[in-house]
Protein chains: 4
Amino acid sequence: MDDLIKPNPMDENAAAGKPEGFLDRTLRNVRSAWRGIAGSGYDATTASSRPDLPESDLDTLKEQMRACLETRGGEVSARARAAALGHVYLALDATGRERFLNVLAHGFDVDPGPVDAAVEELRRAKGDDARRSAHTLLKRSLEAPRIKLLTQFNALPDGIKFLVDMRAELMGLETTDPALAALEQELKDLLTTWFDVDFLELRQITWDNASAALLEKLIAYEAVHAITGWDDLKNRLDSDRRCFAYFHPRMPAEPLIFVEVALVNGLAGNIQALLDENAPVIDPKTADTAIFYSISNAQKGLAGISFGNFLIKRVAETLSVEFKGLKTFSTLSPVVGFRKWLDRTLAEGEPKLLTPGEGKALNAAAGKAAGAKGVLKSLLANPSWPENQIFSDALYAPLLRLCARYLMEAKGLNKRALDPVAHFHLTNGARLERLNWRGDLSPRGVKKSGGIMINYLYDLSRVEDNHEAYTSTGKIMASSGVRNLLKK
Amino acid sequence: MDDLIKPNPMDENAAAGKPEGFLDRTLRNVRSAWRGIAGSGYDATTASSRPDLPESDLDTLKEQMRACLETRGGEVSARARAAALGHVYLALDATGRERFLNVLAHGFDVDPGPVDAAVEELRRAKGDDARRSAHTLLKRSLEAPRIKLLTQFNALPDGIKFLVDMRAELMGLETTDPALAALEQELKDLLTTWFDVDFLELRQITWDNASAALLEKLIAYEAVHAITGWDDLKNRLDSDRRCFAYFHPRMPAEPLIFVEVALVNGLAGNIQALLDENAPVIDPKTADTAIFYSISNAQKGLAGISFGNFLIKRVAETLSVEFKGLKTFSTLSPVVGFRKWLDRTLAEGEPKLLTPGEGKALNAAAGKAAGAKGVLKSLLANPSWPENQIFSDALYAPLLRLCARYLMEAKGLNKRALDPVAHFHLTNGARLERLNWRGDLSPRGVKKSGGIMINYLYDLSRVEDNHEAYTSTGKIMASSGVRNLLKK
Amino acid sequence: MDDLIKPNPMDENAAAGKPEGFLDRTLRNVRSAWRGIAGSGYDATTASSRPDLPESDLDTLKEQMRACLETRGGEVSARARAAALGHVYLALDATGRERFLNVLAHGFDVDPGPVDAAVEELRRAKGDDARRSAHTLLKRSLEAPRIKLLTQFNALPDGIKFLVDMRAELMGLETTDPALAALEQELKDLLTTWFDVDFLELRQITWDNASAALLEKLIAYEAVHAITGWDDLKNRLDSDRRCFAYFHPRMPAEPLIFVEVALVNGLAGNIQALLDENAPVIDPKTADTAIFYSISNAQKGLAGISFGNFLIKRVAETLSVEFKGLKTFSTLSPVVGFRKWLDRTLAEGEPKLLTPGEGKALNAAAGKAAGAKGVLKSLLANPSWPENQIFSDALYAPLLRLCARYLMEAKGLNKRALDPVAHFHLTNGARLERLNWRGDLSPRGVKKSGGIMINYLYDLSRVEDNHEAYTSTGKIMASSGVRNLLKK
Amino acid sequence: MDDLIKPNPMDENAAAGKPEGFLDRTLRNVRSAWRGIAGSGYDATTASSRPDLPESDLDTLKEQMRACLETRGGEVSARARAAALGHVYLALDATGRERFLNVLAHGFDVDPGPVDAAVEELRRAKGDDARRSAHTLLKRSLEAPRIKLLTQFNALPDGIKFLVDMRAELMGLETTDPALAALEQELKDLLTTWFDVDFLELRQITWDNASAALLEKLIAYEAVHAITGWDDLKNRLDSDRRCFAYFHPRMPAEPLIFVEVALVNGLAGNIQALLDENAPVIDPKTADTAIFYSISNAQKGLAGISFGNFLIKRVAETLSVEFKGLKTFSTLSPVVGFRKWLDRTLAEGEPKLLTPGEGKALNAAAGKAAGAKGVLKSLLANPSWPENQIFSDALYAPLLRLCARYLMEAKGLNKRALDPVAHFHLTNGARLERLNWRGDLSPRGVKKSGGIMINYLYDLSRVEDNHEAYTSTGKIMASSGVRNLLKK
């Protein structure tokens, strides 16, 4: 899902020198708000004046962490001390934070001694009960002490957001240190438990109920089709549009993932038409189709903890109850890996990629001799081919066929569909419903998807079977229309 | 803490034949409400007609559990299936539930194969990184599959309450089966993570803000000094009384633990006076002392997951902000193990337990010859001794001294104070402040505590040091008044 | 409606010497809570020490009132001063309050001078525009200055409740002073505007959502079938029962009027059966009938400002949406004026009140000679007649017929039905549906209604026509069953 | 207050042909939202197809209104019918609405007959009681029936907003019809009662708590210093800025009046500096001064119903509690009538308006001969004089002095200060504290106020006395600094 569901780049710095646009400003607003909240009440003189956490501070830090783990002064005091450490972390610069994380990862790792002792006990265990008891002992010995400290950071105001962001930063470190990897994994395990989908709250976000602070985050986090301003945003919340998000009860102002839906008649095939602020509005009560046209993860630190499947199905249920006329639930999605795969395929020089008729037509369009090689590659090399009607017409048949082939036949590991968005929806039990020629003529749409968009259809009565077929055998369900495209 | 903080006996059956009193009725109300909520939408024909889950059903059950674990049909479907299994569980009788738990415990245990393979890999690992990687593998291999199913039960309405109650039932089983013990431990680990104290919400419970359904639970769960009716309850919430509880955001109608506080002038020493509904009310703004006179755990299934320390200190902080005149924070607590210890000590026949003067006075009071043996034991054997002024006067000095000795000197494992309530408050950093003669003349108070109550003082500026002294060396902090009692 | 919708007697004193029962205690609780709220922050030394507001204080009071009316020191100060006066009023005893009200009524009355001047201007006005302008002037001149002060009392915490209660006290004064009557009328006009039904909020009151403080008020205010305790109350809120009330946004803790509804199958005819806590509960989803069995005004100070009509119809709509199976909406009501009317009719000695057969049967039952006079009167004189099967059987036919006659034919002013409850429901457009013999055998039911209860049917498709027929011509709609009872 | 507190022009049409800017778009958004809400459920075929309400529809309309007033079919039906009429009104165009209002005003006016009868009764009344009773009768006879219908419109969703807007439209009609004026006055009386200040809720509006829909209204309604976009708005809500508004409980999404405050050190004198988004932010905890720099009425239909006085004082109290360091509360206000008054004064040719030195300096600056006439007038005629340092320096002394004179000495009716903003704050008890040269160099600031801004100081310990002095004798309180400016 690297494109459809792209995490939000919270930590990158504004590009130097570039004039700051609407989105940059919005991102900056959101970031500074969080720093402000997190930092409230913090007065760590050392940290703020020595934000790179020099060597000389590391022992102090380690000692403070140890005091937390030993709950010196009692649990209440230990939590307060952990919160202070969290404030220190927030006041550090990138170097300082990496050092902080290293202390945590290396200073409070699993102790090999007890592990080996427990292994020895397991070796000597006779009978099921003794084994079980040895298992328990062994499991405890494998729990790194730092996990306790992670939990204690929860004492920060917005502590859970702190941990989510700490994981995002761990993931962003360019390192292969297995201790840091283990720390990151422990954080993921903790967050997986805390962010169990049934703890989350599904909320509709509207112009009338959402605060500006929350809406600003939608603008910042939208990863698929950028929101260009408050008017564009309003257009995505009002009238025949809906937006839903999951929230955690202890992060009520932070969307975890959100989906944008258009209520329309018939499958929508063109994203620019869908997003046009001046397009006529329909009465949503008359709509027969809900188009999920954008779904964005808002928290990089929750990568790999999946809510998208639940979100789509619960939103579909919720909309069904409100709008009795809805019969069809479908996405309008990019084919994000298509051009990359096609370029590689072209480079590999696979013969007979085109039918003779297609080759001839393409060469004619390109003004080349019939039979000239490499016409597809050279036509596509010019990103403005969609603006040329002759090129576009000649590309229509072969690109659609190759796109269908990419989606249906290109496989990665374990029989997974190579396209990450396709893999996400197929795992959810959706099927490939329709390819839309010239569905996304934005520069990015042309570059990644050849301008093609696809509808993944969620037929709630079929998703279980589709899911099973796909996950057990790799079978990809598709409409006859999509399957027909495969034929030359 | 077996007395001060006693869990609520949710699952015992109403005593057959006994006329149902106010408390029984309240308990029944609370229980039936929960069954009602949990059962909504349930239609498990089999389970309700065969509530003992006969042998022939066990394979079906196991197969359903496996389908959940394999997330057949996708995650959404798997969760729905787990919820249905949860409804089955709720419809079972005690035999059926035990069978259900056994399937879960034995059918989805840790698989020894991968454990042994991981152990072997660890044995062969060279270097820190390889060891770390083997640790990770080993840790994963030790996670029983049933843990995933426990999480999936969260899909039930009130799923988290379901798991809390399931653990309570596991704890109530009279079994030594280590697989069930492991399941119980896994549930405890899961709940420990979910019920992290910083996820909880501290709320004041008042007559004006709390629903009848919530207040009914306070009546049912109060474990220290039973609430005799709605007027008694109102008296504990209004005017110069306060009640605070912790709540989990996903169990908003269920208190986890609650504390009752009286705002008074000077240390309160008598519980009957404190609870008297007709006692004059003081203006809480004039109070200098907050007496924590009852603290009750409301969820048996959260046993061992401790909130009491946090609750007392956060409530003390909250009250300090509202009532600037408060200078002293103290409990009024029973000495629940005193008489049991004293009886054992008497039975052991320790010489010189009494001073000669005390022995003489007691014998005189009892109408026995001076120097007769066993007078203390025989006087105490009559539970109505407090009503006899002569007995009571003669017992005053020796009982108080022995009680102080019990609290200060009687030790259990690891230098812990033998008295569980004392251990709880000492661990929190409180100190023994004052023993109150005739502080609780209820039958239970006389029977367990010899009628004595104690004030544990929370001096917030000292609790860290007191905690450290007690937990590291076993040193028990006490006022000079209490220490003086030890002297003969 | 003196019985069905009886205001709550807030201000009567507990009967001296009588042992205080559950209801007394509840009323006392409610009253003291309100005094507490209203009095917060009050420190009117004079008033509390001289609660009868002696003569010597009256000039000061009048001067203070004048300062409010002149908004001395600006509007903010004037409001603060009015609030202080309100606190003084609350601290006064009955004598003091009456004096306070007299100052308000007589000291700040309409000034005749401007009225006469405006009348003179009207007399001289030529043409419509001049008349209109004179009307406006005249209207202003007729507004008493005290009205402004009434509005300023709104600055009290719970100011609107203060004014509602002040009107209740005005209504309770035994006086014929027209100035006080005018003050009361002005207060009514103000409250009528503020309590416009479309400002009110209709809320369902449940065991789960309502605070104990609110529920305590239901117990105190229930005027038709007294609530005997918390278990009885719970029984009226749960399972197959519903309770709805109107609230004002500025009196959120005070119900204005509430209705209790039973969801049953078929028309319910017996109130004791309906209120039985041990009666089996039905699944409300299977109910076909909603019985409105009690409707109580909670605020004496809102007498004459009617919400009952709206309440019944909005609750009927609300229930229809939730329970699709409901087909019938009906009350179960007393016939509160029946026995009083019957006794008068008997006293008047109307001939042929009974058929010969009835007379004979009654005399036989009473052991009197056939043809003896006065048997009906003498049988009814014994309030325990319902316990005697023979008496009861003999009374069946004549009492029902006479009751039907009373309801259908006994008229008061303007062709209104004489029975106040009947008049209320007939004005709402309901019809007389069924008389229920032995429908209410409580002492009060026997004494007032002859043990008979009636169902008023609300057929929402007919209420408009029924209302028009009744209000324009006095025609009373009734089922054929009720009409047949009239025949001898 | 025509400038400081300017109502929002809700009903004007977007200027034809002009490119739509940010504010136009925002206004349009707000308007269409309200139409949408109000129109929900409306299906008045006639009205929408004949939006000018032709003659032939007027009788139908009148008949419908009469049915409402006679509560035909009962009160519930009458309210429903009134709501339908309200929907008709909303669907009409300007012509149709004026006709609708005329039917209401003329068709349901006061009936002269009963008025004359009541006057006659008053004439004949003997004694106080008879007079009082005649007064009551007369008052009732003067109440136009249409008032009842106004109240019934409350049954619309957002009915109270409907009435507020209806009054705004009545005020906008260019008419001298006294019947329409009477209707408008009746509406004002009704709204005055409903919008009693103690029914209102004071809320702080923040970026975090306010919905986009609400914030959009602030942008549209800000009448003093236009908000240029979402970034500007955020800058006015965050960090060292605060915004408070009054709301009515039945119009929770509509601010009635709002004030913007800057927390600064020392009196702020320049509005452009205050609004600069890039100005450094101070920690509000260190501020000693709160500057009320903008206060806007948001509802034209509430004109004449004053909340501003309460708003300023309650906000001052609220801020005092949160920020203990605040010592000074002051406005930064325009002198909106200064230039108009000055131009008139110059036109009147008052001699010795300037000192000789000033005249010379001005002529020198203007390059005119010493002693030339009319130099002040000609310099000011060029709106860009502030950009010319020489002009500006020469104008400094005379303009400030004349401005002080305008504020202190120019009087309107009843000794009121001529400047409406000054009159507003003086009535509130504020005093003239400081004139700020070049305080507002926006085109509007230069045009209306000569670029000068003034601080009105709210010393809460003095406002009562100041108010009394001003309202009783017209005495204007000013600092010595302002008073000194008067001296030549």
# chains A, B, ... in the order shown; residues from 1 in each chain; ligands from 1

call {"tool": "residues_around", "arguments": {"residues": "Leu380 of chain B", "least_positions_apart": "3", "cutoff": "12 Å", "atoms": "only C-alpha atoms", "output": "ChimeraX atom specification"}}
result
/B:339-340,342-343,346,362,366,374-377,383-386,388,391-392,394-395,398-399,446-451

call {"tool": "residues_around", "arguments": {"residues": "Asp128 of chain C", "least_positions_apart": "2", "cutoff": "12 Å", "atoms": "only C-alpha atoms", "output": "list in words"}}
result
Leu122, Arg124, Ala125, Lys126, Ala130, Arg131, Arg132, Ser133, Ala134 and His135 of chain C; His106, Asp109, Val110, Asp111, Pro112, Asp177, Pro178 and Ala179 of chain D

call {"tool": "residues_around", "arguments": {"residues": "Glu184 of chain C", "least_positions_apart": "2", "cutoff": "12 Å", "atoms": "only C-alpha atoms", "output": "VMD selection string"}}
result
chain C and resid 101 to 102 104 to 105 146 to 147 150 163 to 173 175 to 182 186 to 191 301 to 304

call {"tool": "write_last_selection", "arguments": {"atoms": "N, CA and C atoms", "output": "JSON list (two decimals), in the first residue's frame"}}
result
[["chain", "number", "residue", "atom", "x", "y", "z"],
["C", 101, "LEU", "N", -42.88, 40.19, 48.63],
["C", 101, "LEU", "CA", -43.73, 40.18, 47.44],
["C", 101, "LEU", "C", -44.67, 41.39, 47.42],
["C", 102, "ASN", "N", -45.10, 41.78, 48.59],
["C", 102, "ASN", "CA", -45.97, 42.95, 48.65],
["C", 102, "ASN", "C", -45.24, 44.22, 48.23],
["C", 104, "LEU", "N", -42.79, 44.37, 46.19],
["C", 104, "LEU", "CA", -42.63, 44.26, 44.74],
["C", 104, "LEU", "C", -43.94, 44.62, 44.02],
["C", 105, "ALA", "N", -45.05, 44.09, 44.54],
["C", 105, "ALA", "CA", -46.33, 44.25, 43.86],
["C", 105, "ALA", "C", -46.85, 45.68, 43.98],
["C", 146, "ARG", "N", -42.07, 46.48, 37.84],
["C", 146, "ARG", "CA", -41.57, 45.29, 38.54],
["C", 146, "ARG", "C", -41.21, 44.16, 37.56],
["C", 147, "ILE", "N", -41.78, 44.21, 36.35],
["C", 147, "ILE", "CA", -41.48, 43.14, 35.38],
["C", 147, "ILE", "C", -39.98, 43.12, 35.07],
["C", 150, "LEU", "N", -38.22, 41.30, 37.80],
["C", 150, "LEU", "CA", -38.40, 39.85, 37.68],
["C", 150, "LEU", "C", -37.34, 39.28, 36.74],
["C", 163, "LEU", "N", -37.66, 31.89, 39.78],
["C", 163, "LEU", "CA", -38.90, 32.57, 39.38],
["C", 163, "LEU", "C", -40.07, 31.59, 39.34],
["C", 164, "VAL", "N", -39.79, 30.36, 38.89],
["C", 164, "VAL", "CA", -40.85, 29.35, 38.89],
["C", 164, "VAL", "C", -41.34, 29.13, 40.32],
["C", 165, "ASP", "N", -40.40, 29.02, 41.25],
["C", 165, "ASP", "CA", -40.81, 28.78, 42.63],
["C", 165, "ASP", "C", -41.46, 30.01, 43.26],
["C", 166, "MET", "N", -41.00, 31.18, 42.85],
["C", 166, "MET", "CA", -41.64, 32.40, 43.37],
["C", 166, "MET", "C", -43.11, 32.43, 42.93],
["C", 167, "ARG", "N", -43.37, 32.05, 41.70],
["C", 167, "ARG", "CA", -44.78, 32.04, 41.27],
["C", 167, "ARG", "C", -45.57, 31.01, 42.07],
["C", 168, "ALA", "N", -44.97, 29.84, 42.33],
["C", 168, "ALA", "CA", -45.66, 28.83, 43.12],
["C", 168, "ALA", "C", -46.02, 29.41, 44.49],
["C", 169, "GLU", "N", -45.13, 30.17, 45.06],
["C", 169, "GLU", "CA", -45.43, 30.74, 46.36],
["C", 169, "GLU", "C", -46.50, 31.82, 46.28],
["C", 170, "LEU", "N", -46.44, 32.60, 45.23],
["C", 170, "LEU", "CA", -47.49, 33.60, 45.02],
["C", 170, "LEU", "C", -48.86, 32.92, 44.92],
["C", 171, "MET", "N", -48.90, 31.80, 44.19],
["C", 171, "MET", "CA", -50.16, 31.10, 44.01],
["C", 171, "MET", "C", -50.66, 30.52, 45.33],
["C", 172, "GLY", "N", -49.71, 30.24, 46.21],
["C", 172, "GLY", "CA", -50.09, 29.62, 47.48],
["C", 172, "GLY", "C", -50.56, 30.63, 48.52],
["C", 173, "LEU", "N", -50.37, 31.91, 48.28],
["C", 173, "LEU", "CA", -50.77, 32.91, 49.26],
["C", 173, "LEU", "C", -52.30, 32.98, 49.32],
["C", 175, "THR", "N", -54.80, 35.19, 49.52],
["C", 175, "THR", "CA", -54.99, 36.63, 49.41],
["C", 175, "THR", "C", -55.88, 36.90, 48.21],
["C", 176, "THR", "N", -56.51, 38.04, 48.23],
["C", 176, "THR", "CA", -57.29, 38.45, 47.06],
["C", 176, "THR", "C", -56.77, 39.77, 46.55],
["C", 177, "ASP", "N", -55.59, 40.15, 47.01],
["C", 177, "ASP", "CA", -55.01, 41.42, 46.61],
["C", 177, "ASP", "C", -54.77, 41.45, 45.10],
["C", 178, "PRO", "N", -55.43, 42.31, 44.37],
["C", 178, "PRO", "CA", -55.24, 42.31, 42.91],
["C", 178, "PRO", "C", -53.83, 42.69, 42.47],
["C", 179, "ALA", "N", -53.10, 43.41, 43.33],
["C", 179, "ALA", "CA", -51.72, 43.74, 42.94],
["C", 179, "ALA", "C", -50.87, 42.47, 42.94],
["C", 180, "LEU", "N", -51.08, 41.63, 43.94],
["C", 180, "LEU", "CA", -50.35, 40.35, 43.95],
["C", 180, "LEU", "C", -50.80, 39.48, 42.78],
["C", 181, "ALA", "N", -52.09, 39.51, 42.49],
["C", 181, "ALA", "CA", -52.59, 38.73, 41.35],
["C", 181, "ALA", "C", -51.95, 39.22, 40.06],
["C", 182, "ALA", "N", -51.81, 40.53, 39.94],
["C", 182, "ALA", "CA", -51.20, 41.08, 38.72],
["C", 182, "ALA", "C", -49.73, 40.65, 38.63],
["C", 186, "GLU", "N", -48.05, 38.54, 35.67],
["C", 186, "GLU", "CA", -46.86, 38.98, 34.93],
["C", 186, "GLU", "C", -45.79, 37.90, 34.93],
["C", 187, "LEU", "N", -45.65, 37.28, 36.09],
["C", 187, "LEU", "CA", -44.70, 36.17, 36.17],
["C", 187, "LEU", "C", -45.13, 35.04, 35.23],
["C", 188, "LYS", "N", -46.40, 34.77, 35.20],
["C", 188, "LYS", "CA", -46.89, 33.72, 34.30],
["C", 188, "LYS", "C", -46.60, 34.08, 32.84],
["C", 189, "ASP", "N", -46.83, 35.35, 32.48],
["C", 189, "ASP", "CA", -46.56, 35.76, 31.10],
["C", 189, "ASP", "C", -45.08, 35.56, 30.76],
["C", 190, "LEU", "N", -44.22, 35.97, 31.69],
["C", 190, "LEU", "CA", -42.78, 35.83, 31.46],
["C", 190, "LEU", "C", -42.41, 34.36, 31.29],
["C", 191, "LEU", "N", -42.91, 33.53, 32.20],
["C", 191, "LEU", "CA", -42.58, 32.10, 32.15],
["C", 191, "LEU", "C", -43.18, 31.45, 30.90],
["C", 301, "GLY", "N", -45.08, 26.04, 39.89],
["C", 301, "GLY", "CA", -44.96, 27.40, 39.39],
["C", 301, "GLY", "C", -45.20, 27.52, 37.89],
["C", 302, "LEU", "N", -45.37, 26.39, 37.21],
["C", 302, "LEU", "CA", -45.69, 26.45, 35.78],
["C", 302, "LEU", "C", -47.15, 26.10, 35.52],
["C", 303, "ALA", "N", -47.95, 26.11, 36.57],
["C", 303, "ALA", "CA", -49.37, 25.78, 36.42],
["C", 303, "ALA", "C", -49.99, 26.66, 35.34],
["C", 304, "GLY", "N", -50.77, 26.06, 34.48],
["C", 304, "GLY", "CA", -51.44, 26.81, 33.44],
["C", 304, "GLY", "C", -50.62, 26.99, 32.17]]

call {"tool": "closest_atom_pairs", "arguments": {"of": "chain A", "to": "chain B", "cutoff": "6 Å", "atoms": "only C-alpha atoms", "output": "Markdown table"}}
result
| residue | atom | partner | partner_atom | distance |
| --- | --- | --- | --- | --- |
| A:Gly73 | CA | B:Glu464 | CA | 4.0 |
| A:Ala155 | CA | B:Asp198 | CA | 5.6 |
| A:Asp198 | CA | B:Ala155 | CA | 5.7 |
| A:Glu464 | CA | B:Gly73 | CA | 4.0 |
| A:His467 | CA | B:Gly73 | CA | 5.7 |
| A:Glu468 | CA | B:Gly73 | CA | 5.5 |

call {"tool": "select_by_dssp", "arguments": {"residues": "segment 175-356 of chain B", "states": "strand (DSSP E)", "output": "JSON, numbers by chain"}}
result
{"B": [201, 202, 203, 204, 241, 242, 243, 244, 245, 246, 247, 257, 258, 259, 260, 261, 262, 263, 264, 289, 290, 291, 292, 293, 294, 295, 296, 297, 328, 329, 330, 331, 333, 334]}

call {"tool": "select_by_dssp", "arguments": {"residues": "segment 224-364 of chain B", "states": "alpha helix (DSSP H)", "output": "VMD selection string"}}
result
chain B and resid 230 to 237 271 to 275 308 to 322 338 to 347 356 to 364

call {"tool": "residues_around", "arguments": {"residues": "segment 432-440 of chain C", "least_positions_apart": "6", "cutoff": "10 Å", "atoms": "only C-alpha atoms", "output": "ChimeraX atom specification"}}
result
/C:267-273,330-335,386,392,395-397,399-401,403-404,407-408,422,425-426,446,449-458,476-483,485

call {"tool": "closest_residue", "arguments": {"among": "C:Asp231, C:Glu98, C:Glu348, C:Asp24", "to": "Pro51 of chain C", "atoms": "only C-alpha atoms"}}
result
C:Glu98

call {"tool": "residues_around", "arguments": {"residues": "Ala212 of chain A", "least_positions_apart": "5", "cutoff": "6 Å", "atoms": "only C-alpha atoms", "output": "list of chain:residue names"}}
result
D:Trp207, D:Ser211, D:Ala212

call {"tool": "write_last_selection", "arguments": {"atoms": "N, CA, C and O atoms", "output": "compact mmCIF listing (two decimals), in the first residue's frame"}}
result
# COMPACT_ATOMS: atom_id res chain seq x y z
N TRP D 207 -9.06 27.33 18.40
CA TRP D 207 -8.74 26.52 17.21
C TRP D 207 -9.03 25.04 17.50
O TRP D 207 -9.38 24.29 16.60
N SER D 211 -15.78 24.29 15.71
CA SER D 211 -15.93 23.65 14.41
C SER D 211 -15.60 24.63 13.31
O SER D 211 -15.69 25.85 13.48
N ALA D 212 -15.25 24.07 12.17
CA ALA D 212 -14.98 24.92 11.00
C ALA D 212 -16.21 25.75 10.66
O ALA D 212 -16.11 26.92 10.27

call {"tool": "residues_around", "arguments": {"residues": "Arg241 of chain A", "least_positions_apart": "5", "cutoff": "7 Å", "atoms": "only C-alpha atoms", "output": "mmCIF file with N, CA, C and O atoms, in the first residue's frame"}}
result
data_model
loop_
_atom_site.group_PDB
_atom_site.id
_atom_site.type_symbol
_atom_site.label_atom_id
_atom_site.label_comp_id
_atom_site.auth_asym_id
_atom_site.auth_seq_id
_atom_site.Cartn_x
_atom_site.Cartn_y
_atom_site.Cartn_z
ATOM 1 N N ARG A 236 -15.081 18.175 0.481
ATOM 2 C CA ARG A 236 -14.950 16.726 0.717
ATOM 3 C C ARG A 236 -15.735 16.266 1.948
ATOM 4 O O ARG A 236 -15.737 15.074 2.275
ATOM 5 N N VAL A 261 -15.277 9.529 1.033
ATOM 6 C CA VAL A 261 -16.275 8.806 0.247
ATOM 7 C C VAL A 261 -17.109 9.790 -0.556
ATOM 8 O O VAL A 261 -17.488 10.844 -0.041
ATOM 9 N N ALA A 262 -17.380 9.432 -1.790
ATOM 10 C CA ALA A 262 -18.314 10.204 -2.606
ATOM 11 C C ALA A 262 -19.574 9.378 -2.812
ATOM 12 O O ALA A 262 -19.492 8.180 -3.106
ATOM 13 N N LEU A 263 -20.726 10.012 -2.654
ATOM 14 C CA LEU A 263 -21.997 9.331 -2.903
ATOM 15 C C LEU A 263 -22.462 9.745 -4.296
ATOM 16 O O LEU A 263 -22.724 10.932 -4.548
#

call {"tool": "residues_around", "arguments": {"residues": "Lys327 of chain B", "least_positions_apart": "4", "cutoff": "12 Å", "atoms": "only C-alpha atoms", "output": "number ranges by chain"}}
result
B: 263-267, 286-291, 316-317, 319-321, 323, 457-461

call {"tool": "atom_distance", "arguments": {"atom1": "atom CA of Leu275 of chain B", "atom2": "atom CA of Asp232 of chain B"}}
result
8.0 Å
